[in-house]
>>> print(open('input.txt').read())   # compact mmCIF, C-alpha atoms and all ligand atoms
# COMPACT_ATOMS: atom_id res chain seq x y z
CA MET Q 1 -251.08 138.37 -55.21
CA THR Q 2 -253.80 140.71 -56.48
CA ALA Q 3 -252.15 141.95 -59.66
CA THR Q 4 -252.84 140.49 -63.08
CA ARG Q 5 -249.73 138.73 -64.28
CA ILE Q 6 -248.86 139.95 -67.79
CA ASP Q 7 -247.66 136.87 -69.61
CA GLY Q 8 -244.85 138.06 -71.88
CA LYS Q 9 -244.10 134.55 -73.06
CA ALA Q 10 -247.63 134.07 -74.42
CA PHE Q 11 -247.70 137.62 -75.78
CA ALA Q 12 -244.39 137.08 -77.58
CA ALA Q 13 -245.64 133.80 -79.07
CA ASN Q 14 -248.61 135.72 -80.43
CA VAL Q 15 -246.37 138.43 -81.93
CA ARG Q 16 -244.18 135.74 -83.54
CA ALA Q 17 -247.28 134.06 -84.99
CA GLN Q 18 -248.39 137.41 -86.48
CA VAL Q 19 -244.89 137.89 -87.91
CA ALA Q 20 -244.97 134.40 -89.45
CA THR Q 21 -248.35 135.16 -91.06
CA HIS Q 22 -246.97 138.35 -92.63
CA VAL Q 23 -243.83 136.56 -93.77
CA ALA Q 24 -245.92 133.86 -95.48
CA ARG Q 25 -248.05 136.53 -97.17
CA LEU Q 26 -244.97 138.45 -98.37
CA ARG Q 27 -243.63 135.26 -99.91
CA GLU Q 28 -246.90 134.12 -101.51
CA GLU Q 29 -248.11 137.49 -102.79
CA HIS Q 30 -244.83 139.22 -103.61
CA GLY Q 31 -242.14 136.52 -103.75
CA ILE Q 32 -240.21 138.32 -101.00
CA THR Q 33 -238.49 136.67 -98.01
CA PRO Q 34 -237.54 139.09 -95.22
CA GLY Q 35 -233.92 138.60 -94.15
CA LEU Q 36 -232.17 139.41 -90.86
CA ALA Q 37 -228.38 139.55 -90.57
CA VAL Q 38 -226.89 139.23 -87.10
CA VAL Q 39 -223.23 140.05 -86.54
CA LEU Q 40 -221.37 138.74 -83.50
CA VAL Q 41 -217.81 139.76 -82.72
CA GLY Q 42 -215.99 137.65 -80.15
CA GLU Q 43 -217.19 134.87 -77.90
CA ASP Q 44 -219.11 136.50 -75.07
CA PRO Q 45 -221.21 133.56 -73.76
CA ALA Q 46 -224.40 135.61 -73.16
CA SER Q 47 -224.14 137.18 -76.64
CA GLN Q 48 -223.68 133.73 -78.19
CA VAL Q 49 -226.92 132.55 -76.56
CA TYR Q 50 -228.80 135.68 -77.74
CA VAL Q 51 -227.49 135.29 -81.30
CA ARG Q 52 -228.38 131.59 -81.39
CA ASN Q 53 -231.94 132.33 -80.17
CA LYS Q 54 -232.33 135.16 -82.66
CA GLY Q 55 -231.24 132.92 -85.55
CA LYS Q 56 -233.54 130.11 -84.44
CA GLN Q 57 -236.61 132.31 -84.05
CA THR Q 58 -235.90 134.13 -87.32
CA ALA Q 59 -235.88 130.82 -89.18
CA GLU Q 60 -238.99 129.60 -87.34
CA ALA Q 61 -240.86 132.68 -88.52
CA GLY Q 62 -239.99 131.75 -92.11
CA MET Q 63 -237.43 134.51 -92.59
CA ALA Q 64 -233.89 134.23 -93.91
CA SER Q 65 -231.27 134.31 -91.17
CA PHE Q 66 -227.70 135.37 -91.94
CA GLU Q 67 -225.20 134.91 -89.11
CA HIS Q 68 -221.75 136.47 -89.26
CA LYS Q 69 -219.37 135.41 -86.51
CA LEU Q 70 -216.12 137.35 -86.37
CA GLU Q 71 -213.00 136.84 -84.28
CA MET Q 72 -212.57 138.92 -81.13
CA THR Q 73 -209.49 140.52 -82.75
CA THR Q 74 -211.34 141.58 -85.94
CA PRO Q 75 -210.20 145.09 -86.89
CA GLU Q 76 -212.86 147.81 -86.83
CA ALA Q 77 -212.37 148.44 -90.56
CA GLU Q 78 -213.25 144.84 -91.34
CA LEU Q 79 -216.49 145.08 -89.34
CA LEU Q 80 -217.38 148.37 -91.03
CA ASP Q 81 -216.73 146.71 -94.39
CA LEU Q 82 -219.09 143.84 -93.51
CA VAL Q 83 -221.80 146.31 -92.45
CA ALA Q 84 -221.37 148.15 -95.76
CA ARG Q 85 -221.82 144.88 -97.67
CA LEU Q 86 -224.95 144.02 -95.67
CA ASN Q 87 -226.30 147.54 -96.33
CA ALA Q 88 -225.93 146.88 -100.05
CA ASP Q 89 -227.38 143.35 -99.98
CA PRO Q 90 -231.04 143.36 -101.14
CA ALA Q 91 -231.70 140.01 -99.40
CA VAL Q 92 -230.92 141.63 -96.04
CA HIS Q 93 -233.72 143.84 -94.64
CA GLY Q 94 -232.50 144.02 -91.06
CA ILE Q 95 -228.99 144.27 -89.59
CA LEU Q 96 -228.18 143.74 -85.94
CA VAL Q 97 -224.68 144.06 -84.55
CA GLN Q 98 -224.67 142.31 -81.19
CA LEU Q 99 -223.45 144.51 -78.34
CA PRO Q 100 -221.17 144.78 -76.46
CA LEU Q 101 -218.35 145.03 -78.99
CA PRO Q 102 -214.66 144.58 -78.06
CA ASP Q 103 -212.97 147.70 -76.67
CA HIS Q 104 -210.90 148.36 -79.80
CA ILE Q 105 -214.10 148.89 -81.83
CA ASP Q 106 -216.11 152.12 -81.66
CA ALA Q 107 -219.68 150.81 -81.21
CA ASP Q 108 -221.30 154.17 -82.08
CA LYS Q 109 -219.34 154.32 -85.33
CA VAL Q 110 -220.44 150.80 -86.27
CA ILE Q 111 -224.09 151.40 -85.41
CA ASN Q 112 -224.14 154.68 -87.31
CA THR Q 113 -222.73 152.90 -90.37
CA ILE Q 114 -225.81 150.66 -90.56
CA ASP Q 115 -228.35 151.86 -93.13
CA PRO Q 116 -231.04 153.46 -90.87
CA ALA Q 117 -233.72 151.66 -92.92
CA LYS Q 118 -232.12 148.32 -91.93
CA ASP Q 119 -231.35 149.33 -88.34
CA VAL Q 120 -233.80 146.90 -86.68
CA ASP Q 121 -232.35 147.66 -83.24
CA GLY Q 122 -233.34 151.32 -83.67
CA PHE Q 123 -230.01 152.55 -82.28
CA HIS Q 124 -228.81 154.58 -85.32
CA ILE Q 125 -228.69 158.29 -84.56
CA SER Q 126 -231.21 158.95 -87.37
CA ASN Q 127 -233.74 156.59 -85.83
CA VAL Q 128 -233.14 158.10 -82.40
CA GLY Q 129 -233.85 161.54 -83.89
CA LEU Q 130 -236.92 160.37 -85.78
CA LEU Q 131 -238.38 158.76 -82.65
CA GLY Q 132 -237.61 161.87 -80.61
CA THR Q 133 -239.46 164.06 -83.11
CA GLY Q 134 -242.44 161.72 -83.37
CA GLN Q 135 -241.67 160.56 -86.91
CA LYS Q 136 -241.75 157.08 -88.40
CA SER Q 137 -238.58 155.25 -87.31
CA MET Q 138 -237.21 151.87 -86.38
CA VAL Q 139 -238.04 151.54 -82.67
CA PRO Q 140 -235.69 149.76 -80.21
CA CYS Q 141 -237.02 146.26 -79.55
CA THR Q 142 -237.26 146.13 -75.76
CA PRO Q 143 -239.21 149.41 -75.36
CA LEU Q 144 -241.40 148.44 -78.33
CA GLY Q 145 -242.25 145.17 -76.57
CA CYS Q 146 -243.08 147.06 -73.35
CA LEU Q 147 -245.34 149.45 -75.28
CA MET Q 148 -247.19 146.59 -76.98
CA MET Q 149 -247.93 144.97 -73.61
CA LEU Q 150 -249.02 148.28 -72.07
CA ARG Q 151 -251.38 149.05 -74.95
CA ASP Q 152 -252.80 145.57 -74.81
CA HIS Q 153 -253.39 145.75 -71.08
CA LEU Q 154 -254.49 149.38 -70.68
CA GLY Q 155 -255.79 150.46 -74.08
CA ASP Q 156 -255.54 154.25 -74.26
CA LEU Q 157 -252.53 155.44 -72.25
CA SER Q 158 -253.12 159.16 -72.67
CA GLY Q 159 -252.97 161.28 -69.54
CA LEU Q 160 -251.51 158.52 -67.37
CA ASN Q 161 -248.48 159.26 -65.20
CA ALA Q 162 -245.62 157.10 -66.44
CA VAL Q 163 -242.32 156.76 -64.58
CA VAL Q 164 -239.40 155.25 -66.45
CA LEU Q 165 -236.73 154.15 -64.02
CA GLY Q 166 -233.42 154.22 -65.93
CA ARG Q 167 -232.15 156.49 -68.71
CA SER Q 168 -230.09 154.22 -70.94
CA ASN Q 169 -230.05 154.77 -74.69
CA ILE Q 170 -231.35 151.26 -75.34
CA VAL Q 171 -234.24 151.11 -72.87
CA GLY Q 172 -234.99 154.13 -70.66
CA LYS Q 173 -234.78 157.02 -73.13
CA PRO Q 174 -236.63 155.38 -76.05
CA MET Q 175 -239.25 154.02 -73.62
CA ALA Q 176 -239.86 157.55 -72.36
CA GLN Q 177 -240.19 158.84 -75.95
CA LEU Q 178 -242.72 156.13 -76.79
CA LEU Q 179 -244.80 156.88 -73.70
CA LEU Q 180 -244.68 160.59 -74.52
CA GLY Q 181 -245.93 159.64 -77.99
CA GLU Q 182 -248.88 157.96 -76.25
CA SER Q 183 -249.57 161.26 -74.43
CA CYS Q 184 -248.52 160.00 -71.02
CA THR Q 185 -247.07 162.45 -68.52
CA VAL Q 186 -243.56 161.04 -68.38
CA THR Q 187 -240.93 161.23 -65.66
CA ILE Q 188 -237.50 159.73 -66.25
CA ALA Q 189 -235.83 158.74 -62.98
CA HIS Q 190 -232.19 157.67 -62.54
CA SER Q 191 -229.42 157.31 -59.99
CA ARG Q 192 -229.45 161.03 -59.14
CA THR Q 193 -233.21 161.31 -58.70
CA ARG Q 194 -234.20 162.71 -55.31
CA ASP Q 195 -236.98 161.03 -53.31
CA LEU Q 196 -237.15 158.12 -55.74
CA PRO Q 197 -239.83 156.25 -53.72
CA ASP Q 198 -242.11 159.32 -53.90
CA VAL Q 199 -241.52 159.70 -57.63
CA VAL Q 200 -242.35 156.04 -58.23
CA ARG Q 201 -245.47 156.27 -56.01
CA GLY Q 202 -246.94 158.74 -58.49
CA ALA Q 203 -246.76 156.25 -61.37
CA ASP Q 204 -249.84 154.79 -63.00
CA ILE Q 205 -247.31 153.05 -65.25
CA LEU Q 206 -243.88 152.06 -63.96
CA VAL Q 207 -241.22 150.78 -66.34
CA ALA Q 208 -238.19 149.65 -64.34
CA ALA Q 209 -234.93 149.32 -66.31
CA VAL Q 210 -232.17 149.71 -63.76
CA GLY Q 211 -230.26 146.44 -63.52
CA ARG Q 212 -230.50 146.23 -59.70
CA PRO Q 213 -232.09 143.09 -58.30
CA GLN Q 214 -235.49 143.64 -56.62
CA MET Q 215 -234.69 147.30 -55.98
CA VAL Q 216 -238.31 148.50 -56.13
CA PRO Q 217 -240.36 147.24 -53.16
CA GLY Q 218 -244.14 146.98 -53.11
CA ASP Q 219 -244.57 150.03 -50.89
CA TRP Q 220 -243.21 152.24 -53.71
CA ILE Q 221 -246.00 151.07 -56.00
CA LYS Q 222 -249.24 153.02 -56.43
CA PRO Q 223 -252.21 150.73 -55.80
CA GLY Q 224 -253.53 149.49 -59.15
CA ALA Q 225 -250.46 150.61 -61.14
CA THR Q 226 -249.20 148.69 -64.16
CA VAL Q 227 -245.62 147.56 -63.61
CA ILE Q 228 -243.32 146.55 -66.47
CA ASP Q 229 -240.09 145.06 -65.15
CA VAL Q 230 -237.31 145.13 -67.75
CA GLY Q 231 -234.52 144.15 -65.37
CA ILE Q 232 -232.76 140.82 -65.73
CA ASN Q 233 -230.55 140.07 -62.74
CA ARG Q 234 -229.04 136.79 -61.65
CA ILE Q 235 -228.92 136.24 -57.87
CA ASP Q 236 -227.81 133.41 -55.61
CA LYS Q 237 -230.48 131.16 -54.15
CA PRO Q 238 -230.17 130.42 -50.39
CA GLU Q 239 -230.21 126.68 -51.15
CA GLY Q 240 -227.45 127.07 -53.76
CA GLY Q 241 -227.51 127.78 -57.48
CA THR Q 242 -228.87 130.98 -59.01
CA ARG Q 243 -232.13 132.41 -60.31
CA LEU Q 244 -233.26 135.39 -62.37
CA VAL Q 245 -235.09 138.31 -60.79
CA GLY Q 246 -236.20 141.70 -62.04
CA ASP Q 247 -235.63 145.22 -60.76
CA VAL Q 248 -238.94 145.02 -58.90
CA ASP Q 249 -239.59 142.86 -55.85
CA PHE Q 250 -242.28 140.76 -57.53
CA ASP Q 251 -244.12 139.37 -54.51
CA SER Q 252 -244.56 142.63 -52.60
CA ALA Q 253 -245.28 144.62 -55.79
CA ALA Q 254 -247.84 142.09 -57.04
CA ALA Q 255 -249.79 142.54 -53.80
CA VAL Q 256 -250.35 146.23 -54.66
CA ALA Q 257 -250.13 146.64 -58.44
CA GLY Q 258 -252.99 146.20 -60.87
CA ALA Q 259 -250.80 144.28 -63.30
CA ILE Q 260 -247.17 143.25 -63.43
CA THR Q 261 -244.74 141.44 -65.72
CA PRO Q 262 -242.77 138.56 -64.15
CA VAL Q 263 -239.04 137.93 -64.56
CA PRO Q 264 -238.38 135.66 -66.32
CA GLY Q 265 -241.30 135.40 -68.74
CA GLY Q 266 -242.23 139.07 -69.04
CA VAL Q 267 -240.35 141.61 -71.14
CA GLY Q 268 -237.50 139.23 -72.07
CA PRO Q 269 -239.33 137.10 -74.66
CA MET Q 270 -240.83 140.24 -76.22
CA THR Q 271 -237.44 141.63 -77.22
CA ILE Q 272 -236.65 139.00 -79.87
CA ALA Q 273 -240.30 138.92 -81.01
CA CYS Q 274 -240.05 142.68 -81.65
CA LEU Q 275 -236.76 142.21 -83.50
CA LEU Q 276 -238.59 139.89 -85.90
CA ALA Q 277 -241.47 142.37 -86.13
CA ASN Q 278 -239.02 145.19 -86.94
CA THR Q 279 -237.43 143.07 -89.67
CA VAL Q 280 -240.82 142.52 -91.34
CA THR Q 281 -241.58 146.24 -91.00
CA ALA Q 282 -238.20 147.12 -92.57
CA CYS Q 283 -238.85 144.66 -95.40
CA CYS Q 284 -242.30 146.12 -96.13
CA ARG Q 285 -240.91 149.67 -96.13
CA ALA Q 286 -238.02 148.64 -98.43
CA HIS Q 287 -240.52 147.30 -100.95
CA GLY Q 288 -243.06 150.11 -100.58
CA LEU Q 289 -245.66 147.73 -99.16
CA SER Q 290 -248.12 148.49 -96.38
CA GLU Q 291 -246.73 147.73 -92.94
CA PRO Q 292 -248.15 144.99 -90.72
CA GLU Q 293 -250.67 146.44 -88.29
CA GLY Q 294 -250.03 146.10 -84.56
CA LEU Q 295 -246.33 145.29 -84.95
CA THR Q 296 -245.02 148.86 -84.99
CA ALA Q 297 -245.15 151.75 -82.51
P1 LIG N 1 -227.90 150.60 -67.91
O1 LIG N 1 -226.94 150.13 -66.90
O2 LIG N 1 -227.42 151.10 -69.22
O3 LIG N 1 -228.81 151.75 -67.25
C1 LIG N 1 -229.30 151.62 -65.94
C2 LIG N 1 -230.03 152.86 -65.55
O4 LIG N 1 -230.49 152.68 -64.22
C3 LIG N 1 -229.17 154.12 -65.57
O5 LIG N 1 -229.87 155.18 -66.16
C4 LIG N 1 -228.91 154.39 -64.08
O6 LIG N 1 -228.84 155.76 -63.75
C5 LIG N 1 -230.14 153.81 -63.44
N1 LIG N 1 -229.84 153.41 -62.05
C6 LIG N 1 -228.84 152.62 -61.64
N2 LIG N 1 -228.89 152.50 -60.29
C7 LIG N 1 -229.93 153.23 -59.87
C8 LIG N 1 -230.49 153.51 -58.61
N3 LIG N 1 -229.98 153.00 -57.48
N4 LIG N 1 -231.57 154.32 -58.55
C9 LIG N 1 -232.10 154.84 -59.66
N5 LIG N 1 -231.62 154.61 -60.90
C10 LIG N 1 -230.54 153.81 -61.00
O7 LIG N 1 -228.94 149.40 -68.10
P2 LIG N 1 -229.90 149.01 -69.32
O8 LIG N 1 -230.91 150.08 -69.55
O9 LIG N 1 -229.11 148.51 -70.44
O10 LIG N 1 -230.62 147.72 -68.67
C11 LIG N 1 -231.39 147.83 -67.49
C12 LIG N 1 -231.84 146.45 -67.08
O11 LIG N 1 -232.68 145.91 -68.11
C13 LIG N 1 -230.72 145.42 -66.90
O12 LIG N 1 -231.07 144.53 -65.87
C14 LIG N 1 -230.69 144.68 -68.22
O13 LIG N 1 -230.18 143.36 -68.08
C15 LIG N 1 -232.15 144.67 -68.56
N6 LIG N 1 -232.43 144.55 -69.99
C16 LIG N 1 -233.36 143.63 -70.36
C17 LIG N 1 -233.70 143.50 -71.68
C18 LIG N 1 -234.75 142.51 -72.04
O14 LIG N 1 -234.79 142.02 -73.15
N7 LIG N 1 -235.69 142.21 -71.14
C19 LIG N 1 -233.04 144.26 -72.73
C20 LIG N 1 -232.14 145.27 -72.24
C21 LIG N 1 -231.85 145.39 -70.90
P3 LIG N 1 -227.64 156.73 -64.23
O15 LIG N 1 -227.90 157.00 -65.68
O16 LIG N 1 -227.83 157.94 -63.38
O17 LIG N 1 -226.37 155.98 -63.98
>>> encode(input="input.txt", output="structure tokens", more="lines below")
Ligand code: NDP
Amino acid sequence: MTATRIDGKAFAANVRAQVATHVARLREEHGITPGLAVVLVGEDPASQVYVRNKGKQTAEAGMASFEHKLEMTTPEAELLDLVARLNADPAVHGILVQLPLPDHIDADKVINTIDPAKDVDGFHISNVGLLGTGQKSMVPCTPLGCLMMLRDHLGDLSGLNAVVLGRSNIVGKPMAQLLLGESCTVTIAHSRTRDLPDVVRGADILVAAVGRPQMVPGDWIKPGATVIDVGINRIDKPEGGTRLVGDVDFDSAAAVAGAITPVPGGVGPMTIACLLANTVTACCRAHGLSEPEGLTA
């Protein structure tokens, strides 16, 4: 391996420590405790784990954590009513509705009912528009975490060729907007892209968010490139059991890249850290206070 391994776990711990410092200052100097409300509908096992981790890390950072667990059969109107109450609650600065939602609930409708100022996931159409037009917004957590690691590792990103592999609303598209905001030359690749290996070979920065295990081999990587692997895929181990891998084949890519994030321990831990950061940012904005430096896009 020649590439520097970008340690997302350590980076996320540092972000959480910065968040905790800001939270303590908000309490001591202004008597304010940032609050995050997380809403879970149904009993999807992965979602339950995410929600539990979010609640735990929110409390550890000194913030108020409000968990709302609703039955799988909860009518859409009841969920919309809860969101409206959370919008109106001054103790709640951030609202996250855990996705996916059951089929009988219109997820877009629910997300667009969240007050954009409390939309710490950055999925509300207003925040999408603000980000797209380069204005102050709430930025989706996973791309924000990727950007923080890229800035930390590379400094000025301007002029670099960035390829974002994947065009989802939660990762690919906002990631591309953020990189454009950093004055990268951005290409968004997806399942219909022609000559994908050639496109990826032009990348000084590659952000892979596809959801296909080890799809990107080392010979697609430009020597010295910085590789951010967002993918989380569970595969079978030859000896039995399973393990997590990214969208990039780590071993062959690490032999060529300049720096690379591992899976697990790369982008994953940054997502919740950025959720906490967004909640502090939302709280500061709600109270007209200056925003914490280094925790926003
Ligand atoms: P989506 O399934 O919503 O999007 C996947 C994207 O990859 C689509 O744009 C799709 O193209 C593209 N794609 C699929 N197959 C290919 C292919 N063979 N060649 C080129 N492009 C392809 O996924 P998400 O964006 O939600 O997530 C991507 C990955 O990131 C997943 O593994 C997910 O688990 C992980 N993830 C990790 C997070 C973290 O905290 N670390 C947070 C969120 C996601 P098209 O649009 O043409 O279909």
>>> closest_atom_pairs(input="input.txt", of="region 9-107 of chain Q", to="region 267-276 of chain Q", cutoff="9 Å", atoms="only C-alpha atoms", output="CSV")
residue,atom,partner,partner_atom,distance
Q:Lys9,CA,Q:Pro269,CA,5.6
Q:Ala10,CA,Q:Pro269,CA,8.8
Q:Phe11,CA,Q:Met270,CA,7.4
Q:Ala12,CA,Q:Met270,CA,5.0
Q:Ala13,CA,Q:Ala273,CA,7.6
Q:Asn14,CA,Q:Ala273,CA,8.9
Q:Val15,CA,Q:Ala273,CA,6.2
Q:Arg16,CA,Q:Ala273,CA,5.6
Q:Val19,CA,Q:Leu276,CA,6.9
Q:Leu36,CA,Q:Leu276,CA,8.1
Q:Tyr50,CA,Q:Ile272,CA,8.8
Q:Asn53,CA,Q:Ile272,CA,8.2
Q:Lys54,CA,Q:Ile272,CA,6.4
Q:Gln57,CA,Q:Ile272,CA,7.9
Q:Thr58,CA,Q:Leu276,CA,6.5
Q:Ala61,CA,Q:Leu276,CA,8.0
Q:Met63,CA,Q:Leu276,CA,8.7
Q:Gly94,CA,Q:Leu275,CA,8.9
>>> write_last_selection(input="input.txt", atoms="C-alpha atoms", output="CSV table (one decimal), in the frame of the given file")
chain,number,residue,atom,x,y,z
Q,9,LYS,CA,-244.1,134.6,-73.1
Q,10,ALA,CA,-247.6,134.1,-74.4
Q,11,PHE,CA,-247.7,137.6,-75.8
Q,12,ALA,CA,-244.4,137.1,-77.6
Q,13,ALA,CA,-245.6,133.8,-79.1
Q,14,ASN,CA,-248.6,135.7,-80.4
Q,15,VAL,CA,-246.4,138.4,-81.9
Q,16,ARG,CA,-244.2,135.7,-83.5
Q,19,VAL,CA,-244.9,137.9,-87.9
Q,36,LEU,CA,-232.2,139.4,-90.9
Q,50,TYR,CA,-228.8,135.7,-77.7
Q,53,ASN,CA,-231.9,132.3,-80.2
Q,54,LYS,CA,-232.3,135.2,-82.7
Q,57,GLN,CA,-236.6,132.3,-84.0
Q,58,THR,CA,-235.9,134.1,-87.3
Q,61,ALA,CA,-240.9,132.7,-88.5
Q,63,MET,CA,-237.4,134.5,-92.6
Q,94,GLY,CA,-232.5,144.0,-91.1
>>> residues_around(input="input.txt", residues="Lys136 (chain Q)", least_positions_apart="2", cutoff="10 Å", atoms="only C-alpha atoms", output="list of chain:residue names")
Q:Asn127, Q:Leu130, Q:Leu131, Q:Thr133, Q:Gly134, Q:Met138, Q:Val139, Q:Thr296, Q:Ala297
>>> closest_residue(input="input.txt", among="Q:Ile221, Q:Leu244, Q:Leu82, Q:Val51", to="Ala3 (chain Q)", atoms="only C-alpha atoms")
Q:Ile221
>>> closest_residue(input="input.txt", among="Q:Val110, Q:Ile232, Q:Ala257, Q:Met148", to="Pro217 (chain Q)", atoms="all atoms listed in the file")
Q:Ala257
>>> closest_residue(input="input.txt", among="Q:Asp236, Q:Asp106, Q:Asp7, Q:Glu28", to="His153 (chain Q)", atoms="only C-alpha atoms")
Q:Asp7
>>> residues_near_point(input="input.txt", point="(-245.5, 132.5, -90.1)", cutoff="10 Å", atoms="all atoms listed in the file", output="PyMOL selection string")
chain Q and resi 16-25+59-63
>>> write_last_selection(input="input.txt", atoms="C-alpha atoms", output="PDB file, in the coordinates of the input")
ATOM      1  CA  ARG Q  16    -244.180 135.740 -83.540  1.00  0.00           C
ATOM      2  CA  ALA Q  17    -247.280 134.060 -84.990  1.00  0.00           C
ATOM      3  CA  GLN Q  18    -248.390 137.410 -86.480  1.00  0.00           C
ATOM      4  CA  VAL Q  19    -244.890 137.890 -87.910  1.00  0.00           C
ATOM      5  CA  ALA Q  20    -244.970 134.400 -89.450  1.00  0.00           C
ATOM      6  CA  THR Q  21    -248.350 135.160 -91.060  1.00  0.00           C
ATOM      7  CA  HIS Q  22    -246.970 138.350 -92.630  1.00  0.00           C
ATOM      8  CA  VAL Q  23    -243.830 136.560 -93.770  1.00  0.00           C
ATOM      9  CA  ALA Q  24    -245.920 133.860 -95.480  1.00  0.00           C
ATOM     10  CA  ARG Q  25    -248.050 136.530 -97.170  1.00  0.00           C
ATOM     11  CA  ALA Q  59    -235.880 130.820 -89.180  1.00  0.00           C
ATOM     12  CA  GLU Q  60    -238.990 129.600 -87.340  1.00  0.00           C
ATOM     13  CA  ALA Q  61    -240.860 132.680 -88.520  1.00  0.00           C
ATOM     14  CA  GLY Q  62    -239.990 131.750 -92.110  1.00  0.00           C
ATOM     15  CA  MET Q  63    -237.430 134.510 -92.590  1.00  0.00           C
TER      16      MET Q  63
END
>>> residues_around(input="input.txt", residues="Val163 (chain Q)", least_positions_apart="6", cutoff="10 Å", atoms="only C-alpha atoms", output="PyMOL selection string")
chain Q and resi 172+175-176+179+184-189+199-208+227
>>> residues_near_point(input="input.txt", point="(-252.8, 148.7, -69.5)", cutoff="8 Å", atoms="only C-alpha atoms", output="ChimeraX atom specification")
/Q:149-157,226,259
>>> write_last_selection(input="input.txt", atoms="C-alpha atoms", output="PDB file, in the coordinates of the input")
ATOM      1  CA  MET Q 149    -247.930 144.970 -73.610  1.00  0.00           C
ATOM      2  CA  LEU Q 150    -249.020 148.280 -72.070  1.00  0.00           C
ATOM      3  CA  ARG Q 151    -251.380 149.050 -74.950  1.00  0.00           C
ATOM      4  CA  ASP Q 152    -252.800 145.570 -74.810  1.00  0.00           C
ATOM      5  CA  HIS Q 153    -253.390 145.750 -71.080  1.00  0.00           C
ATOM      6  CA  LEU Q 154    -254.490 149.380 -70.680  1.00  0.00           C
ATOM      7  CA  GLY Q 155    -255.790 150.460 -74.080  1.00  0.00           C
ATOM      8  CA  ASP Q 156    -255.540 154.250 -74.260  1.00  0.00           C
ATOM      9  CA  LEU Q 157    -252.530 155.440 -72.250  1.00  0.00           C
ATOM     10  CA  THR Q 226    -249.200 148.690 -64.160  1.00  0.00           C
ATOM     11  CA  ALA Q 259    -250.800 144.280 -63.300  1.00  0.00           C
TER      12      ALA Q 259
END
>>> closest_residue(input="input.txt", among="Q:Ser252, Q:Thr74, Q:Thr261, Q:Ser137", to="ligand LIG 1 (chain N)", atoms="only C-alpha atoms and all ligand atoms")
Q:Thr261
>>> decode(input="input.txt", residues="region 203-217 of chain Q", atoms="N, CA and C atoms", output="short mmCIF file (atom, residue, chain, number, x, y, z; two decimals), in the first residue's frame")
data_model
loop_
_atom_site.label_atom_id
_atom_site.label_comp_id
_atom_site.auth_asym_id
_atom_site.auth_seq_id
_atom_site.Cartn_x
_atom_site.Cartn_y
_atom_site.Cartn_z
N ALA Q 203 -9.69 11.34 -12.75
CA ALA Q 203 -10.05 11.98 -11.47
C ALA Q 203 -8.85 12.21 -10.56
N ASP Q 204 -8.66 13.48 -10.18
CA ASP Q 204 -7.73 13.77 -9.08
C ASP Q 204 -8.41 13.42 -7.77
N ILE Q 205 -9.74 13.62 -7.76
CA ILE Q 205 -10.56 13.24 -6.60
C ILE Q 205 -11.64 12.29 -7.11
N LEU Q 206 -11.75 11.14 -6.49
CA LEU Q 206 -12.85 10.22 -6.82
C LEU Q 206 -13.70 10.02 -5.58
N VAL Q 207 -15.00 10.30 -5.71
CA VAL Q 207 -15.94 9.97 -4.64
C VAL Q 207 -16.84 8.88 -5.18
N ALA Q 208 -16.75 7.69 -4.61
CA ALA Q 208 -17.54 6.55 -5.12
C ALA Q 208 -18.74 6.32 -4.22
N ALA Q 209 -19.94 6.46 -4.78
CA ALA Q 209 -21.18 6.26 -4.01
C ALA Q 209 -22.16 5.51 -4.89
N VAL Q 210 -21.89 4.22 -5.06
CA VAL Q 210 -22.62 3.40 -6.02
C VAL Q 210 -23.44 2.31 -5.34
N GLY Q 211 -22.86 1.70 -4.31
CA GLY Q 211 -23.54 0.58 -3.65
C GLY Q 211 -23.26 -0.74 -4.34
N ARG Q 212 -22.07 -0.85 -4.99
CA ARG Q 212 -21.67 -2.11 -5.64
C ARG Q 212 -20.30 -2.52 -5.09
N PRO Q 213 -20.25 -3.68 -4.42
CA PRO Q 213 -19.03 -4.05 -3.73
C PRO Q 213 -17.79 -4.09 -4.63
N GLN Q 214 -16.78 -3.35 -4.23
CA GLN Q 214 -15.43 -3.36 -4.84
C GLN Q 214 -15.48 -3.20 -6.36
N MET Q 215 -16.41 -2.37 -6.83
CA MET Q 215 -16.61 -2.21 -8.27
C MET Q 215 -15.44 -1.50 -8.96
N VAL Q 216 -14.79 -0.59 -8.23
CA VAL Q 216 -13.72 0.21 -8.85
C VAL Q 216 -12.36 -0.43 -8.55
N PRO Q 217 -11.70 -0.99 -9.58
CA PRO Q 217 -10.39 -1.61 -9.34
C PRO Q 217 -9.27 -0.56 -9.38
#
